[in-house]
Every structure is written in C-alpha cells, then in structure tokens.
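Chemist: For reference, this is model_12.cif, and it has mmCIF, C-alpha atoms.
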```cif
data_work
loop_
_atom_site.label_atom_id
_atom_site.label_comp_id
_atom_site.auth_asym_id
_atom_site.auth_seq_id
_atom_site.Cartn_x
_atom_site.Cartn_y
_atom_site.Cartn_z
CA MET A 3 0.00 0.00 0.00
CA LEU A 4 1.02 3.59 -0.57
CA HIS A 5 2.21 5.58 2.45
CA ALA A 6 3.21 9.25 2.59
CA MET A 7 6.29 10.38 4.48
CA ILE A 8 6.47 14.14 4.90
CA MET A 9 9.80 15.60 5.98
CA ALA A 10 9.07 18.69 8.08
CA GLY A 11 12.52 19.35 9.51
CA GLY A 12 14.57 22.39 8.77
CA GLY A 13 15.92 25.08 10.98
CA GLY A 14 14.36 28.22 9.60
CA THR A 15 17.49 29.51 7.87
CA ARG A 16 16.54 29.52 4.17
CA PHE A 17 13.74 32.05 4.24
CA TRP A 18 15.04 34.49 6.81
CA PRO A 19 13.78 36.83 8.21
CA ARG A 20 10.26 35.43 7.95
CA SER A 21 11.35 31.90 8.78
CA ARG A 22 13.20 31.55 12.07
CA ALA A 23 14.51 28.67 14.19
CA VAL A 24 11.40 28.84 16.40
CA ARG A 25 9.05 28.81 13.38
CA PRO A 26 10.60 27.42 10.17
CA LYS A 27 8.91 28.00 6.81
CA GLN A 28 6.93 24.72 6.82
CA PHE A 29 4.80 26.25 9.62
CA LEU A 30 4.15 29.53 7.76
CA THR A 31 1.42 30.51 5.31
CA PHE A 32 2.39 31.83 1.89
CA SER A 33 -0.74 31.42 -0.16
CA GLY A 34 -4.22 31.34 1.34
CA ASP A 35 -4.82 30.36 4.95
CA ARG A 36 -2.98 27.01 5.02
CA THR A 37 0.62 26.55 6.13
CA LEU A 38 3.07 24.78 3.83
CA LEU A 39 2.84 21.70 6.08
CA GLN A 40 -0.96 21.66 5.97
CA SER A 41 -0.90 22.22 2.22
CA THR A 42 1.43 19.24 1.78
CA VAL A 43 -0.99 16.97 3.65
CA ASP A 44 -3.92 18.44 1.69
CA ARG A 45 -2.11 17.69 -1.59
CA ILE A 46 -1.80 13.97 -0.88
CA ALA A 47 -4.97 13.38 1.16
CA ALA A 48 -7.01 12.05 -1.79
CA GLN A 49 -4.30 9.51 -2.60
CA VAL A 50 -3.05 8.57 0.88
CA PRO A 51 -5.38 8.40 3.89
CA ALA A 52 -4.42 9.85 7.27
CA GLU A 53 -3.67 6.43 8.78
CA ARG A 54 -0.90 5.98 6.20
CA THR A 55 0.53 9.50 6.45
CA TRP A 56 3.66 10.12 8.52
CA VAL A 57 5.33 13.42 9.38
CA LEU A 58 8.92 13.57 10.57
CA THR A 59 10.05 16.80 12.20
CA SER A 60 12.40 17.88 14.96
CA GLU A 61 11.46 17.13 18.54
CA GLN A 62 11.49 20.92 19.08
CA HIS A 63 8.75 21.39 16.47
CA ARG A 64 6.67 18.25 17.07
CA GLY A 65 4.07 20.07 19.18
CA GLU A 66 3.54 22.71 16.50
CA ALA A 67 3.20 20.02 13.81
CA VAL A 68 0.68 18.03 15.88
CA GLU A 69 -1.34 21.19 16.51
CA GLN A 70 -1.36 22.22 12.84
CA LEU A 71 -2.30 18.71 11.70
CA LYS A 72 -5.06 18.05 14.24
CA GLY A 73 -7.74 16.00 12.49
CA MET A 74 -5.46 15.49 9.47
CA VAL A 75 -2.70 13.13 10.70
CA PRO A 76 -2.79 10.98 13.86
CA ALA A 77 -0.58 12.57 16.55
CA GLU A 78 1.32 9.29 17.04
CA GLN A 79 2.39 9.48 13.38
CA VAL A 80 4.02 12.88 13.87
CA VAL A 81 7.53 11.90 14.90
CA GLY A 82 10.03 14.23 16.56
CA GLU A 83 13.65 13.44 15.76
CA PRO A 84 15.99 14.21 18.69
CA MET A 85 18.45 15.98 16.35
CA GLY A 86 18.54 16.82 12.67
CA ARG A 87 20.71 14.59 10.52
CA ASP A 88 19.50 15.56 7.05
CA THR A 89 17.46 13.59 4.53
CA ALA A 90 18.86 10.03 4.49
CA PRO A 91 18.52 9.33 8.25
CA CYS A 92 15.06 10.95 8.24
CA VAL A 93 13.90 8.70 5.40
CA ALA A 94 15.49 5.64 7.05
CA LEU A 95 13.65 6.33 10.32
CA GLY A 96 10.35 6.89 8.53
CA ALA A 97 10.78 3.73 6.45
CA ALA A 98 11.53 1.69 9.59
CA LEU A 99 8.41 3.03 11.31
CA ILE A 100 6.22 2.34 8.28
CA ALA A 101 7.69 -1.16 7.88
CA ARG A 102 6.40 -2.05 11.37
CA SER A 103 2.86 -2.10 9.99
CA ASP A 104 3.43 -2.66 6.28
CA ARG A 105 6.57 -4.52 5.27
CA ASP A 106 5.70 -4.20 1.56
CA ALA A 107 4.85 -0.48 1.65
CA THR A 108 5.40 1.87 -1.23
CA ILE A 109 6.51 5.17 0.27
CA MET A 110 6.10 8.60 -1.27
CA VAL A 111 8.63 10.89 0.42
CA MET A 112 8.19 14.64 0.13
CA PRO A 113 9.29 17.83 1.87
CA ALA A 114 6.77 19.93 3.76
CA ASP A 115 8.15 23.29 2.77
CA HIS A 116 7.24 23.55 -0.92
CA LEU A 117 4.52 25.53 -2.62
CA ILE A 118 3.43 23.42 -5.60
CA GLU A 119 1.11 24.82 -8.22
CA PRO A 120 -0.91 23.71 -10.01
CA GLU A 121 -1.74 21.06 -7.43
CA GLN A 122 -3.65 18.91 -9.92
CA GLU A 123 -0.43 18.47 -11.92
CA PHE A 124 1.34 17.22 -8.79
CA ARG A 125 -1.52 14.81 -8.12
CA ARG A 126 -1.35 13.53 -11.70
CA ALA A 127 2.41 12.96 -11.45
CA ALA A 128 2.09 11.30 -8.03
CA HIS A 129 -0.62 8.98 -9.32
CA ALA A 130 1.52 8.05 -12.34
CA ALA A 131 4.49 7.39 -10.04
CA GLU A 132 2.35 5.15 -7.82
CA GLN A 133 1.20 3.15 -10.86
CA PHE A 134 4.80 2.79 -12.07
CA ALA A 135 5.91 1.63 -8.60
CA ASN A 136 3.09 -0.93 -8.56
CA ASP A 137 4.18 -2.26 -11.97
CA PHE A 138 7.91 -2.21 -11.07
CA PRO A 139 8.08 -2.81 -7.29
CA ASP A 140 11.88 -2.84 -7.13
CA SER A 141 12.10 0.66 -8.60
CA LEU A 142 13.07 3.96 -7.06
CA LEU A 143 11.41 7.00 -8.60
CA THR A 144 12.36 10.63 -8.28
CA PHE A 145 10.59 13.54 -9.88
CA GLY A 146 10.86 17.28 -9.67
CA ILE A 147 11.02 20.40 -11.76
CA GLU A 148 13.64 21.47 -14.25
CA PRO A 149 15.98 24.00 -12.64
CA THR A 150 16.07 27.45 -14.20
CA PHE A 151 19.42 28.39 -12.66
CA PRO A 152 22.30 26.69 -10.82
CA SER A 153 22.05 26.48 -7.05
CA THR A 154 24.33 24.81 -4.55
CA GLY A 155 21.48 24.56 -2.03
CA TYR A 156 19.93 21.50 -3.65
CA GLY A 157 21.04 18.63 -5.83
CA TYR A 158 19.82 18.10 -9.34
CA ILE A 159 17.56 15.42 -10.75
#
```
Please go through the file and, once you have read it, give me the structure as structure tokens.

Modeler:
Amino acid sequence: MLHAMIMAGGGGTRFWPRSRAVRPKQFLTFSGDRTLLQSTVDRIAAQVPAERTWVLTSEQHRGEAVEQLKGMVPAEQVVGEPMGRDTAPCVALGAALIARSDRDATIMVMPADHLIEPEQEFRRAAHAAEQFANDFPDSLLTFGIEPTFPSTGYGYI
C-alpha cells in the first residue's frame, strides 16, 4: 500500500527573516490560509489516507506540527527526531516506522516546505508514479522540476 512520508525538519534559515529557528517555513502561510505543512498533507490526502501518512520533524517542532495537523494526521504518526541529521537518516527512520505495519509499503517521500502549483499536476504525477511503482516494485522514482538556474542549495535530478 502507498504511504506518505512528509519531511518537516529544517531550521528556519533559508527564508530568513520570515522563517526563524522557532518557526521554520513549513509552519508559515504563503498562499491562502494554510501553512506549507498543511498544504502538503492536503495535496496527498485524496491519494493517501491519514492512517498511512507520517510526518517527521524535529522534537522541538513536534508540538507545532501536531497542533497544525489536528484532524489530518494521527498525533502518534508525527515523529520528533531528537536531532537533525538531514534527509537520508530521516527517510530511514520513517521507512523503519512504516515497515512495522506494512513490510511491503510503497513510500512517497516529500518535503513539507514547498509551494506546488498547479496542485492537480502534482496529483497527476504522483498517481503516475504510484502506478509505475506498482508495476515495477523494485524501482526507485524521483521527480521534480527542471531547474532554471544553478544552485548549490539543492542537488539536481
């Protein structure tokens, strides 16, 4: 079954001064009345139900994440990491937690701090990726947008 793993870490340094260590950008609103974290859950809710949605954040921000996701994601599936160790350890922890209940899970991993528009295009791509993963279960898929300029802040696909 398909599970969603949302990475909601980050220290509030990339969108300063609006984003700060006490309230990183995933907890801020940029468009409408939903935070980036809430919008990420909204984007995948039709494809992945709450009981198969996991949010990994820092222990420092777990309370804020639980509060923002009340009624959207079970509180026990909002996990606070004791210290940030970047993407690979976060994904490994999330995969281990998901494997406890579903050893054959397909996992869609995504960051919580992106504004993606149009959302229907994301949903179409996510659905296509899920179908591909079902047809080729040993595959690893990555998708994103074409960069318009070089940046050392992120890798390239």

Chemist: When you draw a straight line from atom CA of Gln79 of chain A to atom CA of Leu99 of chain A, how long is it in Å?

Modeler: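 Between atom CA of Gln79 of chain A and atom CA of Leu99 of chain A the gap is 9.1 Å.
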
Chemist: Can you work out which one of A:Ala130, A:Pro76, A:Leu38, A:Ser33 has the shortest atom-to-atom distance to Thr144 of chain A, counting only C-alpha atoms?

Modeler: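 Smallest distance to Thr144 of chain A is found for A:Ala130.
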
Chemist: Assuming the chain letters and numbering stay as they are in my file, what does the PyMOL selection byres ((chain A and resi 40) around 10) actually select? List them as a PyMOL selection string.

Modeler: chain A and resi 28-31+35-39+41-45+67+70-72+74-75+114-115

Chemist: Which residues would end up in the selection if the PyMOL selection byres ((chain A and resi 3-13) around 9) were applied here, given that I need the answer as a ChimeraX atom specification?

Modeler: /A:14-16,21-29,39,42-43,46,49-60,63,67,83,86,88-89,92-93,96-97,100,104,106-115,132

Chemist: Using only C-alpha atoms, can you tell me which of A:Ala77, A:Leu143, A:Ala90, A:Arg125 comes closest to Ala48 of chain A?

Modeler: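 Of the candidates, the smallest distance to Ala48 of chain A is held by A:Arg125.
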
Chemist: For a test of reading the model, state the distance in Å between atom CA of Glu123 of chain A and atom CA of Thr154 of chain A, rounded to one decimal.

Modeler: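 That distance, rounded to one decimal, is 26.6 Å.
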
Chemist: Could you please determine the separation between atom CA of Ala101 of chain A and atom CA of Ala47 of chain A in Å, to one decimal place?

Modeler: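 The value is 20.4 Å.
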